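S.K.: My structure is in my_file_5.cif, and what it holds is mmCIF, C-alpha atoms and all ligand atoms:
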data_work
loop_
_atom_site.label_atom_id
_atom_site.label_comp_id
_atom_site.auth_asym_id
_atom_site.auth_seq_id
_atom_site.Cartn_x
_atom_site.Cartn_y
_atom_site.Cartn_z
CA MET A 29 136.30 48.95 101.95
CA ASP A 30 140.06 48.23 101.99
CA GLU A 31 142.72 50.67 100.84
CA LEU A 32 141.37 52.88 98.08
CA THR A 33 143.44 54.23 95.21
CA ARG A 34 142.11 57.24 93.34
CA ILE A 35 143.59 57.88 89.89
CA PRO A 36 142.54 61.19 88.33
CA VAL A 37 141.75 61.51 84.64
CA GLY A 38 142.01 65.06 83.36
CA GLY A 39 140.55 66.95 80.43
CA ASP A 40 137.42 69.05 79.97
CA ARG A 41 135.36 66.60 82.01
CA PRO A 42 137.71 65.23 84.68
CA TYR A 43 136.83 62.21 86.80
CA ASP A 44 138.48 59.66 89.05
CA VAL A 45 139.14 55.96 88.62
CA LEU A 46 138.68 54.23 91.98
CA VAL A 47 140.60 51.01 92.59
CA GLY A 48 140.03 48.87 95.68
CA ARG A 49 138.02 45.99 97.03
CA ASP A 50 134.28 46.09 97.83
CA LEU A 51 133.73 49.46 96.21
CA LEU A 52 130.05 49.22 95.32
CA ALA A 53 129.07 51.73 98.02
CA ALA A 54 130.95 54.33 95.97
CA LEU A 55 128.37 54.21 93.15
CA PRO A 56 125.39 56.19 94.53
CA PRO A 57 127.40 59.36 95.25
CA LEU A 58 128.56 59.40 91.61
CA LEU A 59 124.92 59.51 90.55
CA ALA A 60 123.78 62.18 93.02
CA GLY A 61 120.85 64.14 91.62
CA ALA A 62 119.64 61.35 89.32
CA GLU A 63 116.12 60.07 89.85
CA ARG A 64 116.62 56.95 87.74
CA ALA A 65 119.59 54.82 86.75
CA ALA A 66 119.62 52.02 84.21
CA VAL A 67 121.91 49.16 85.26
CA LEU A 68 123.06 47.32 82.12
CA HIS A 69 124.55 43.91 82.77
CA ALA A 70 125.16 40.55 81.11
CA PRO A 71 123.95 37.28 82.71
CA PRO A 72 127.21 36.43 84.57
CA LEU A 73 126.99 39.69 86.51
CA LYS A 74 123.28 39.56 87.43
CA ALA A 75 123.88 39.14 91.17
CA HIS A 76 126.19 42.17 91.28
CA ALA A 77 123.75 44.20 89.19
CA ASP A 78 120.91 43.32 91.57
CA GLU A 79 123.04 44.29 94.54
CA LEU A 80 123.87 47.62 92.92
CA ALA A 81 120.22 48.20 92.11
CA GLU A 82 119.36 47.73 95.78
CA ARG A 83 122.07 50.18 96.82
CA LEU A 84 120.71 52.74 94.36
CA ARG A 85 117.16 52.26 95.63
CA ALA A 86 118.39 52.76 99.20
CA ALA A 87 119.99 56.01 98.05
CA GLY A 88 116.70 57.25 96.57
CA ILE A 89 117.53 56.47 92.92
CA THR A 90 115.07 54.23 91.08
CA PRO A 91 117.03 51.43 89.38
CA LEU A 92 116.08 49.93 86.03
CA THR A 93 117.99 46.69 85.55
CA VAL A 94 118.55 45.97 81.86
CA PRO A 95 119.93 42.54 80.95
CA VAL A 96 121.96 42.49 77.72
CA PRO A 97 123.65 39.65 75.80
CA ASP A 98 127.06 38.65 77.08
CA ALA A 99 130.44 39.65 75.66
CA GLU A 100 130.66 40.87 72.03
CA ALA A 101 127.04 39.82 71.32
CA GLY A 102 126.04 42.81 73.44
CA LYS A 103 128.09 45.30 71.41
CA ASP A 104 125.45 45.53 68.72
CA ILE A 105 123.36 48.44 67.53
CA GLU A 106 120.16 46.37 67.92
CA VAL A 107 121.00 45.76 71.56
CA ALA A 108 121.65 49.47 72.01
CA ALA A 109 118.27 50.20 70.39
CA ASP A 110 116.57 47.83 72.87
CA CYS A 111 118.25 49.70 75.71
CA TRP A 112 117.06 53.05 74.36
CA ALA A 113 113.53 51.61 74.16
CA ARG A 114 113.78 50.67 77.85
CA LEU A 115 115.02 54.16 78.77
CA GLY A 116 112.21 55.72 76.77
CA ALA A 117 109.55 53.56 78.38
CA ALA A 118 110.89 54.45 81.83
CA GLY A 119 110.96 58.19 81.02
CA PHE A 120 114.70 58.77 81.37
CA THR A 121 115.56 62.48 81.31
CA ARG A 122 118.86 64.33 81.07
CA THR A 123 119.43 64.14 84.83
CA ASP A 124 119.08 60.34 84.81
CA ALA A 125 122.02 57.99 84.32
CA VAL A 126 123.33 54.73 82.90
CA VAL A 127 125.53 52.23 84.71
CA GLY A 128 127.37 49.37 82.98
CA VAL A 129 128.23 46.44 85.22
CA GLY A 130 130.54 43.99 83.50
CA GLY A 131 133.57 43.53 81.32
CA GLY A 132 134.68 45.81 78.55
CA ALA A 133 131.92 44.73 76.21
CA VAL A 134 129.12 45.77 78.58
CA THR A 135 130.80 49.03 79.60
CA ASP A 136 131.46 49.93 75.93
CA LEU A 137 127.76 49.33 75.23
CA ALA A 138 126.57 51.19 78.33
CA GLY A 139 128.73 54.19 77.53
CA PHE A 140 127.44 54.25 73.98
CA VAL A 141 123.82 54.01 75.14
CA ALA A 142 124.49 56.93 77.48
CA ALA A 143 126.38 58.94 74.84
CA CYS A 144 123.43 58.85 72.43
CA TRP A 145 120.47 59.04 74.79
CA LEU A 146 119.22 62.66 74.70
CA ARG A 147 122.66 63.35 73.09
CA GLY A 148 124.52 62.41 76.23
CA VAL A 149 123.64 61.55 79.81
CA ARG A 150 125.82 60.71 82.80
CA TRP A 151 127.23 57.19 82.99
CA VAL A 152 129.44 55.10 85.24
CA PRO A 153 131.24 51.88 84.35
CA VAL A 154 131.43 49.37 87.20
CA SER A 155 134.20 47.34 85.68
CA THR A 156 134.33 43.66 86.59
CA SER A 157 137.05 42.23 84.31
CA LEU A 158 140.77 42.89 84.36
CA LEU A 159 140.71 44.19 80.81
CA GLY A 160 137.81 46.47 81.63
CA MET A 161 139.56 47.92 84.65
CA VAL A 162 142.89 48.61 83.00
CA ASP A 163 141.51 49.80 79.70
CA ALA A 164 137.89 49.71 78.52
CA ALA A 165 136.29 51.57 81.43
CA VAL A 166 138.84 54.38 81.35
CA GLY A 167 139.08 57.05 78.71
CA GLY A 168 135.57 57.58 77.38
CA LYS A 169 135.74 55.52 74.18
CA THR A 170 132.33 53.89 73.81
CA GLY A 171 130.79 51.97 70.93
CA VAL A 172 129.51 48.88 69.19
CA ASN A 173 130.80 46.58 66.45
CA THR A 174 129.37 46.44 62.93
CA ALA A 175 129.60 43.85 60.18
CA ALA A 176 132.34 46.02 58.66
CA GLY A 177 134.59 45.98 61.70
CA LYS A 178 135.34 46.39 65.37
CA ASN A 179 134.06 49.46 67.26
CA LEU A 180 133.24 51.25 64.01
CA VAL A 181 130.27 53.09 65.50
CA GLY A 182 130.76 54.95 68.73
CA ALA A 183 131.35 58.17 70.59
CA PHE A 184 133.84 59.76 72.94
CA HIS A 185 131.83 60.17 76.13
CA PRO A 186 133.78 60.31 79.40
CA PRO A 187 132.14 58.72 82.43
CA ALA A 188 131.36 60.48 85.71
CA GLY A 189 133.72 58.10 87.47
CA VAL A 190 135.04 54.55 87.14
CA LEU A 191 134.79 51.79 89.73
CA CYS A 192 137.39 49.02 89.60
CA ASP A 193 136.41 46.66 92.39
CA LEU A 194 139.19 44.11 92.60
CA ALA A 195 136.93 41.72 94.53
CA MET A 196 135.07 41.18 91.25
CA LEU A 197 138.15 39.52 89.81
CA ASP A 198 137.67 36.59 92.20
CA SER A 199 134.89 35.23 89.97
CA LEU A 200 136.43 36.21 86.61
CA PRO A 201 137.31 33.10 84.56
CA ALA A 202 141.09 32.60 84.45
CA VAL A 203 141.08 32.81 80.66
CA ASP A 204 139.54 36.29 80.82
CA LEU A 205 142.00 37.43 83.49
CA THR A 206 144.87 36.36 81.25
CA ALA A 207 143.29 38.04 78.22
CA GLY A 208 143.24 41.30 80.17
CA LEU A 209 146.95 41.02 80.78
CA ALA A 210 147.56 41.53 77.07
CA GLU A 211 146.51 45.17 77.48
CA VAL A 212 148.62 45.44 80.64
CA VAL A 213 151.65 44.15 78.72
CA LYS A 214 150.82 46.65 75.96
CA CYS A 215 151.11 49.45 78.54
CA GLY A 216 154.45 47.99 79.60
CA PHE A 217 155.85 48.25 76.10
CA ILE A 218 154.46 51.66 75.21
CA ALA A 219 155.06 53.53 78.46
CA ASP A 220 155.86 51.66 81.68
CA PRO A 221 158.51 48.91 81.35
CA ALA A 222 158.28 48.22 85.10
CA ILE A 223 155.10 46.33 84.16
CA LEU A 224 157.17 43.93 82.05
CA ASP A 225 159.70 43.44 84.85
CA LEU A 226 156.89 42.62 87.28
CA VAL A 227 155.31 40.05 84.95
CA GLU A 228 158.61 38.46 84.01
CA SER A 229 159.86 38.19 87.56
CA ASP A 230 156.77 36.33 88.79
CA PRO A 231 154.32 35.26 86.05
CA ALA A 232 152.27 33.20 88.53
CA ALA A 233 151.67 36.24 90.70
CA ALA A 234 150.51 38.17 87.64
CA VAL A 235 147.55 35.81 87.27
CA ASP A 236 146.59 35.61 90.96
CA PRO A 237 143.64 38.01 91.26
CA THR A 238 143.90 38.17 95.04
CA GLY A 239 147.55 39.20 95.16
CA ALA A 240 149.38 42.49 95.44
CA VAL A 241 151.07 42.06 92.05
CA VAL A 242 147.77 42.13 90.15
CA ARG A 243 146.77 45.26 92.02
CA GLU A 244 150.05 46.92 91.15
CA LEU A 245 149.69 45.90 87.50
CA VAL A 246 146.12 47.23 87.40
CA GLU A 247 147.12 50.56 88.92
CA ARG A 248 150.17 50.97 86.71
CA ALA A 249 148.19 50.26 83.54
CA ILE A 250 145.40 52.64 84.58
CA ARG A 251 147.97 55.37 85.24
CA VAL A 252 149.39 54.89 81.74
CA LYS A 253 145.96 55.16 80.19
CA ALA A 254 144.86 58.04 82.43
CA GLU A 255 147.95 60.06 81.57
CA VAL A 256 147.43 59.54 77.83
CA VAL A 257 143.71 60.21 77.62
CA SER A 258 143.90 63.21 79.95
CA GLY A 259 145.69 65.10 77.21
CA ASP A 260 144.02 63.65 74.11
CA LEU A 261 140.46 62.43 74.64
CA ARG A 262 139.58 62.41 70.95
CA GLU A 263 142.72 60.68 69.69
CA ALA A 264 144.03 63.64 67.76
CA GLY A 265 147.56 62.38 68.32
CA ARG A 266 149.20 60.78 71.35
CA ARG A 267 146.20 58.63 72.25
CA GLU A 268 146.97 56.47 69.21
CA ILE A 269 149.72 54.78 71.23
CA LEU A 270 146.99 52.94 73.17
CA ASN A 271 146.12 51.27 69.87
CA TYR A 272 149.48 49.46 69.79
CA GLY A 273 148.82 45.93 68.50
CA HIS A 274 145.22 46.75 67.59
CA THR A 275 145.48 47.10 63.79
CA LEU A 276 145.99 43.39 63.30
CA GLY A 277 144.22 42.53 66.57
CA HIS A 278 140.92 44.11 65.56
CA ALA A 279 141.21 42.47 62.13
CA ILE A 280 141.54 39.05 63.77
CA GLU A 281 138.47 39.77 65.88
CA LYS A 282 136.48 40.67 62.78
CA VAL A 283 137.65 37.63 60.82
CA GLU A 284 136.72 35.46 63.81
CA GLY A 285 133.22 36.96 63.91
CA TYR A 286 134.04 38.48 67.34
CA ARG A 287 134.33 35.05 68.92
CA TRP A 288 138.01 35.51 69.85
CA ARG A 289 138.64 37.38 73.07
CA HIS A 290 139.86 40.93 72.49
CA GLY A 291 142.93 40.36 74.67
CA HIS A 292 143.91 37.25 72.73
CA ALA A 293 143.67 39.06 69.41
CA ILE A 294 145.69 41.97 70.78
CA SER A 295 148.36 39.56 71.98
CA VAL A 296 148.89 38.36 68.41
CA GLY A 297 148.69 41.95 67.18
CA LEU A 298 151.44 43.05 69.57
CA VAL A 299 153.83 40.39 68.30
CA TYR A 300 153.01 41.38 64.72
CA ALA A 301 153.57 45.09 65.39
CA ALA A 302 156.90 44.34 67.06
CA GLY A 303 158.00 42.19 64.12
CA LEU A 304 156.90 44.86 61.67
CA ALA A 305 158.95 47.51 63.47
CA ARG A 306 161.99 45.22 63.65
CA ARG A 307 161.78 44.47 59.94
CA ALA A 308 161.39 48.19 59.21
CA GLY A 309 164.67 48.77 61.04
CA ARG A 310 163.03 50.68 63.84
CA LEU A 311 163.04 48.24 66.75
CA ASP A 312 165.94 46.22 68.10
CA GLU A 313 165.75 42.43 68.02
CA PRO A 314 165.77 41.81 71.82
CA THR A 315 162.87 44.17 72.47
CA ALA A 316 160.89 42.68 69.58
CA ALA A 317 161.57 39.14 70.83
CA ARG A 318 160.55 40.16 74.36
CA HIS A 319 156.97 40.62 73.13
CA ARG A 320 156.56 36.97 72.22
CA THR A 321 158.37 35.78 75.33
CA VAL A 322 156.37 37.73 77.87
CA LEU A 323 153.01 37.03 76.22
CA THR A 324 153.79 33.33 75.87
CA THR A 325 154.86 33.17 79.51
CA LEU A 326 151.37 34.31 80.43
CA GLY A 327 149.77 31.70 78.18
CA LEU A 328 148.56 34.21 75.59
CA PRO A 329 148.39 33.33 71.88
CA THR A 330 151.04 34.74 69.55
CA SER A 331 150.08 33.19 66.22
CA TYR A 332 147.17 33.08 63.78
CA ARG A 333 146.17 31.17 60.64
CA ALA A 334 148.64 31.66 57.80
CA ASP A 335 145.91 31.49 55.14
CA ALA A 336 143.91 34.34 56.70
CA TRP A 337 146.15 37.12 55.40
CA PRO A 338 143.90 38.43 52.57
CA GLU A 339 140.92 38.75 54.91
CA LEU A 340 143.05 40.35 57.60
CA LEU A 341 144.48 42.92 55.20
CA ALA A 342 140.99 43.83 54.00
CA ALA A 343 139.79 44.19 57.60
CA MET A 344 142.79 46.35 58.52
CA ARG A 345 141.82 48.87 55.82
CA VAL A 346 138.95 50.15 57.99
CA ASP A 347 141.17 50.65 61.04
CA LYS A 348 140.47 54.07 62.52
CA LYS A 349 144.11 55.08 62.27
CA ALA A 350 144.05 54.64 58.47
CA ARG A 351 143.98 57.78 56.35
CA GLY A 352 142.47 57.26 52.93
CA ASN A 353 144.22 54.26 51.38
CA ARG A 354 147.18 54.50 53.79
CA LEU A 355 147.39 52.14 56.74
CA ARG A 356 149.14 53.51 59.81
CA PHE A 357 150.62 51.36 62.57
CA VAL A 358 151.70 52.26 66.07
CA VAL A 359 155.24 50.91 66.38
CA LEU A 360 158.10 51.05 68.82
CA ASP A 361 161.43 52.72 68.12
CA GLY A 362 162.64 51.29 71.43
CA LEU A 363 161.19 50.31 74.76
CA ALA A 364 158.56 52.92 75.71
CA GLU A 365 159.41 54.94 72.57
CA THR A 366 156.36 54.96 70.36
CA GLY A 367 156.06 56.12 66.77
CA ILE A 368 153.92 55.69 63.68
CA LEU A 369 154.73 53.58 60.63
CA ASP A 370 152.84 55.46 57.96
CA GLY A 371 151.75 53.81 54.71
CA PRO A 372 153.87 50.66 54.59
CA ASP A 373 153.57 48.67 51.35
CA ASP A 374 151.26 45.66 51.34
CA GLU A 375 154.31 43.53 50.59
CA VAL A 376 156.05 44.72 53.77
CA LEU A 377 152.91 43.99 55.77
CA PHE A 378 152.61 40.53 54.27
CA ASP A 379 156.27 39.70 54.92
CA ALA A 380 155.87 40.72 58.55
CA TYR A 381 152.88 38.39 58.85
CA ALA A 382 155.41 35.56 58.85
CA GLU A 383 156.11 36.63 62.46
CA VAL A 384 152.73 35.29 63.60
CA ALA A 385 151.52 33.02 60.79
CA ALA A 386 150.92 29.49 62.00
N1 LIG B 401 136.56 51.49 75.34
C1 LIG B 401 137.84 51.16 75.35
O1 LIG B 401 138.72 52.02 75.47
C2 LIG B 401 138.23 49.72 75.29
C3 LIG B 401 139.53 49.35 75.65
C4 LIG B 401 139.86 48.00 75.60
C5 LIG B 401 138.91 47.06 75.24
N2 LIG B 401 137.66 47.46 74.93
C6 LIG B 401 136.63 46.47 74.60
O2 LIG B 401 136.43 45.63 75.75
C7 LIG B 401 135.96 44.37 75.31
C8 LIG B 401 136.72 43.26 75.98
O3 LIG B 401 136.52 43.35 77.38
P1 LIG B 401 136.65 42.05 78.31
O4 LIG B 401 137.94 41.41 78.07
O5 LIG B 401 136.28 42.50 79.66
O6 LIG B 401 135.59 41.06 77.70
P2 LIG B 401 134.03 40.86 78.02
O7 LIG B 401 133.37 42.10 78.42
O8 LIG B 401 133.48 40.11 76.87
O9 LIG B 401 134.08 39.90 79.30
C9 LIG B 401 134.64 38.62 79.18
C10 LIG B 401 133.75 37.59 79.87
O10 LIG B 401 133.94 37.69 81.28
C11 LIG B 401 132.68 37.79 81.93
N3 LIG B 401 132.91 38.53 83.17
C12 LIG B 401 133.32 39.80 83.29
N4 LIG B 401 133.53 40.08 84.57
C13 LIG B 401 133.26 38.96 85.27
C14 LIG B 401 133.32 38.62 86.65
N5 LIG B 401 133.75 39.50 87.55
N6 LIG B 401 132.95 37.39 87.01
C15 LIG B 401 132.57 36.48 86.08
N7 LIG B 401 132.50 36.73 84.78
C16 LIG B 401 132.86 37.97 84.37
C17 LIG B 401 131.82 38.50 80.93
O11 LIG B 401 130.46 38.35 81.24
C18 LIG B 401 132.26 37.79 79.64
O12 LIG B 401 131.63 36.55 79.55
C19 LIG B 401 136.10 44.35 73.80
O13 LIG B 401 134.85 44.58 73.21
C20 LIG B 401 137.03 45.51 73.53
O14 LIG B 401 136.84 46.05 72.25
C21 LIG B 401 137.30 48.75 74.93
O1 LIG B 402 141.57 53.81 74.50
C1 LIG B 402 142.14 53.75 73.41
O2 LIG B 402 142.34 54.75 72.72
C2 LIG B 402 142.60 52.46 72.89
O3 LIG B 402 143.02 52.36 71.75
C3 LIG B 402 142.54 51.30 73.83
C4 LIG B 402 142.31 49.98 73.15
O4 LIG B 402 142.86 48.98 73.99
C5 LIG B 402 140.85 49.63 72.96
O5 LIG B 402 140.73 48.32 72.49
C6 LIG B 402 140.01 50.58 72.14
O6 LIG B 402 138.66 50.23 72.20
C7 LIG B 402 140.39 50.55 70.68
O7 LIG B 402 139.90 51.68 70.10
P1 LIG B 402 139.49 51.81 68.57
O8 LIG B 402 139.34 53.27 68.42
O9 LIG B 402 140.60 51.23 67.75
O10 LIG B 402 138.23 51.06 68.41
ZN ZN B 403 142.23 47.01 73.34
#
With the file now loaded, output its structure as structure tokens.
Ligand SMILES: NC(=O)c1ccc[n+]([C@@H]2O[C@H](COP(=O)([O-])OP(=O)(O)OC[C@H]3O[C@@H](n4cnc5c(N)ncnc54)[C@H](O)[C@@H]3O)[C@@H](O)[C@H]2O)c1
Ligand SMILES: O=C(O)C(=O)C[C@@H](O)[C@H](O)[C@H](O)COP(=O)(O)O
Ligand SMILES: [Zn+2]

M.R.:
Amino acid sequence: MDELTRIPVGGDRPYDVLVGRDLLAALPPLLAGAERAAVLHAPPLKAHADELAERLRAAGITPLTVPVPDAEAGKDIEVAADCWARLGAAGFTRTDAVVGVGGGAVTDLAGFVAACWLRGVRWVPVSTSLLGMVDAAVGGKTGVNTAAGKNLVGAFHPPAGVLCDLAMLDSLPAVDLTAGLAEVVKCGFIADPAILDLVESDPAAAVDPTGAVVRELVERAIRVKAEVVSGDLREAGRREILNYGHTLGHAIEKVEGYRWRHGHAISVGLVYAAGLARRAGRLDEPTAARHRTVLTTLGLPTSYRADAWPELLAAMRVDKKARGNRLRFVVLDGLAETGILDGPDDEVLFDAYAEVAA
């Protein structure tokens, strides 16, 4: 194991996020006392799941490997029901555990399966994508998609620990690495502008999974998320800042039938949110423009179909930040100064769509 970074997440059920290379040996101790552990994984991660299963067996924990459909196809209540059937057949009790090995989609599913089984058993995300490491695996939001929208069914269920094994990024497709950077850039705008400086000063280094810059970006983004969720697990207030760019982003994902990558949709959503804040007189022009520049530099999308607006607006109405008929947007009042735009008129929202409409 090379140098290990341990980032604590506080709250009622504190845990650590471990960042390093070749971390899989760290899993069995997190599951001490369990007799069985289900290892949920999608096809691309089968070899890693099998290796983890062997490590668990060697540690006296009986593994149950559970293949699930890849990416968003796995974030489905029917898939969760199949997983619960497997746990039931294997006699999983409250001391047993669930492990999710994969990107954010698999860890969101695994956490949800764990949150509901016997009303909550221990779980550990073994995060294998950049987006998963910097965001999805941290913070205890778990869930599945429904026909009505993204992540509309779920639970807050903090893990026992999070493993971010940077060696996993070596096999991550480049397009998925870049998609993950959208959430890293988000953290730069809402809380840690040094992230933006790092990306802007060497964009090539930001997409080299073996380099020191990616590790620094991962750790900085995790620290942003850890600090926020430590004080507001259930999103009663401050945690909403992590949803920057997600009101439109989630709507795009829904309209696309969950075939767009989350990070790509969030990239467009970030540019929209920045334009909305600028037009509302809250954000200065250079900081708003910086969104498009930095995301474009990384090769992320910043536009979406002009004719999709009516569908997008309808999808945004079920955003979790909405209250009754009022939409609420996380916006910036300056770099790393977050606020809420509460109840903007539909006309204002439509006008701002010109910022991203292609
Ligand atoms: N719970 C949260 O707080 C939270 C936060 C952000 C995002 N999310 C969710 O995370 C999901 C997006 O996560 P994602 O970007 O990781 O997408 P993903 O999980 O769909 O993974 C993208 C693709 O990369 C593959 N993959 C992952 N790791 C790999 C590796 N090491 N080698 C080869 N292939 C690998 C996956 O199998 C998949 O095909 C969305 O569903 C989003 O809603 C949740
Ligand atoms: O952890 C959070 O809180 C976030 O908002 C992080 C987001 O990047 C993430 O996509 C999350 O799943 C969105 O949450 P949702 O409550 O809008 O589904
Ligand atoms: Zn997100």

S.K.: Within 7 Å of ligand LIG 402 (chain B), counting only C-alpha atoms and all ligand atoms, which protein or nucleic acid residues do you find, written as a list in words?

M.R.: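 Using only C-alpha atoms and all ligand atoms, I find these residues within 7 Å of ligand LIG 402 (chain B): Asp163, Ala164, Gly167, Lys169, Lys178, Asn179, Leu180, Glu211, Glu263, Arg267, Glu268, Leu270, Asn271, His274, Asp347 and Lys348 of chain A.
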
S.K.: Would you mind telling me which residue in A:Asp78, A:Asp193, A:Asp40, A:Glu375 lies nearest to ligand LIG 401 (chain B) when using only C-alpha atoms and all ligand atoms?

M.R.: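 Ranked by minimum distance to ligand LIG 401 (chain B), first place goes to A:Asp193.
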
S.K.: Pick out the residues sitting within 7 Å of region 197-201 of chain A, and hand them over as number ranges by chain; count all atoms listed in the file, and ignore anything fewer than 6 positions along from it in its own chain.

M.R.: A: 156-158, 237

S.K.: Residues within 8 Å of region 244-253 of chain A, please, as a PyMOL selection string. Count only C-alpha atoms; anything in the same chain fewer than 5 positions from it doesn't count.

M.R.: chain A and resi 35+47+158+161-163+166-167+212+215-216+219-220+223+226+234+270

S.K.: In Å, with one decimal, what is the gap from CA of Ala308 (chain A) to CA of Arg320 (chain A)?

M.R.: 17.8 Å

S.K.: I need the residue nearest Asp236 (chain A) from this list: A:Leu59, A:Ala202, A:Ala254, A:Leu92. Use all atoms listed in the file for the distance.

M.R.: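 Of A:Leu59, A:Ala202, A:Ala254, A:Leu92, the one nearest Asp236 (chain A), counting all atoms listed in the file, is A:Ala202.
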
S.K.: Find the residues around Gly362 (chain A) up to 12 Å (only C-alpha atoms counted), leave out those fewer than 3 positions away in its own chain, and share them as an mmCIF file with C-alpha atoms, in the coordinates of the input.

M.R.:
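Now in result-v7.cif:
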data_model
loop_
_atom_site.group_PDB
_atom_site.id
_atom_site.type_symbol
_atom_site.label_atom_id
_atom_site.label_comp_id
_atom_site.auth_asym_id
_atom_site.auth_seq_id
_atom_site.Cartn_x
_atom_site.Cartn_y
_atom_site.Cartn_z
ATOM 1 C CA PHE A 217 155.850 48.250 76.100
ATOM 2 C CA ILE A 218 154.460 51.660 75.210
ATOM 3 C CA ALA A 219 155.060 53.530 78.460
ATOM 4 C CA PRO A 221 158.510 48.910 81.350
ATOM 5 C CA ALA A 302 156.900 44.340 67.060
ATOM 6 C CA ALA A 305 158.950 47.510 63.470
ATOM 7 C CA ARG A 306 161.990 45.220 63.650
ATOM 8 C CA GLY A 309 164.670 48.770 61.040
ATOM 9 C CA ARG A 310 163.030 50.680 63.840
ATOM 10 C CA LEU A 311 163.040 48.240 66.750
ATOM 11 C CA ASP A 312 165.940 46.220 68.100
ATOM 12 C CA GLU A 313 165.750 42.430 68.020
ATOM 13 C CA PRO A 314 165.770 41.810 71.820
ATOM 14 C CA THR A 315 162.870 44.170 72.470
ATOM 15 C CA ALA A 316 160.890 42.680 69.580
ATOM 16 C CA ARG A 318 160.550 40.160 74.360
ATOM 17 C CA VAL A 359 155.240 50.910 66.380
ATOM 18 C CA GLU A 365 159.410 54.940 72.570
ATOM 19 C CA THR A 366 156.360 54.960 70.360
ATOM 20 C CA GLY A 367 156.060 56.120 66.770
#

S.K.: Would you mind reading off the distance between CA of Leu377 (chain A) and CA of Leu341 (chain A), one decimal, in Å?

M.R.: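 About the pair CA of Leu377 (chain A) and CA of Leu341 (chain A): they are 8.5 Å apart.
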
S.K.: Got a sec: who's within 12 Å of Gly182 (chain A), counting only C-alpha atoms, leaving out chain neighbours fewer than 3 positions off, as a list in words?

M.R.: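 After dropping sequence-adjacent residues, the list is Lys103, Asp104, Ile105, Ala108, Asp136, Leu137, Ala138, Gly139, Phe140, Val141, Ala142, Ala143, Cys144, Gly168, Lys169, Thr170, Gly171, Val172, Asn173, Thr174, Lys178, Asn179, His185, Arg262 and Lys348 of chain A.
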
S.K.: Skipping near chain neighbours, those fewer than 4 positions away, what residues fall within 12 Å of Ala53 (chain A) using only C-alpha atoms, listed as a ChimeraX atom specification?

M.R.: /A:29,46,48-49,57-59,79-84,86-87,154,191,193

S.K.: CA of Phe378 (chain A) to CA of Tyr300 (chain A): how many Å, to one decimal?

M.R.: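 The value is 10.5 Å.
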
S.K.: Counting all atoms listed in the file, which residue out of A:Asp44, A:Glu100, A:Glu339, A:Glu255 sits closest to ligand LIG 401 (chain B)?

M.R.: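 Closest residue, counting all atoms listed in the file: A:Glu100.
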
S.K.: Counting all atoms listed in the file, which of A:Val358, A:Leu159, A:Ala66, A:Ala222 gets nearest to ligand ZN 403 (chain B)?

M.R.: A:Leu159
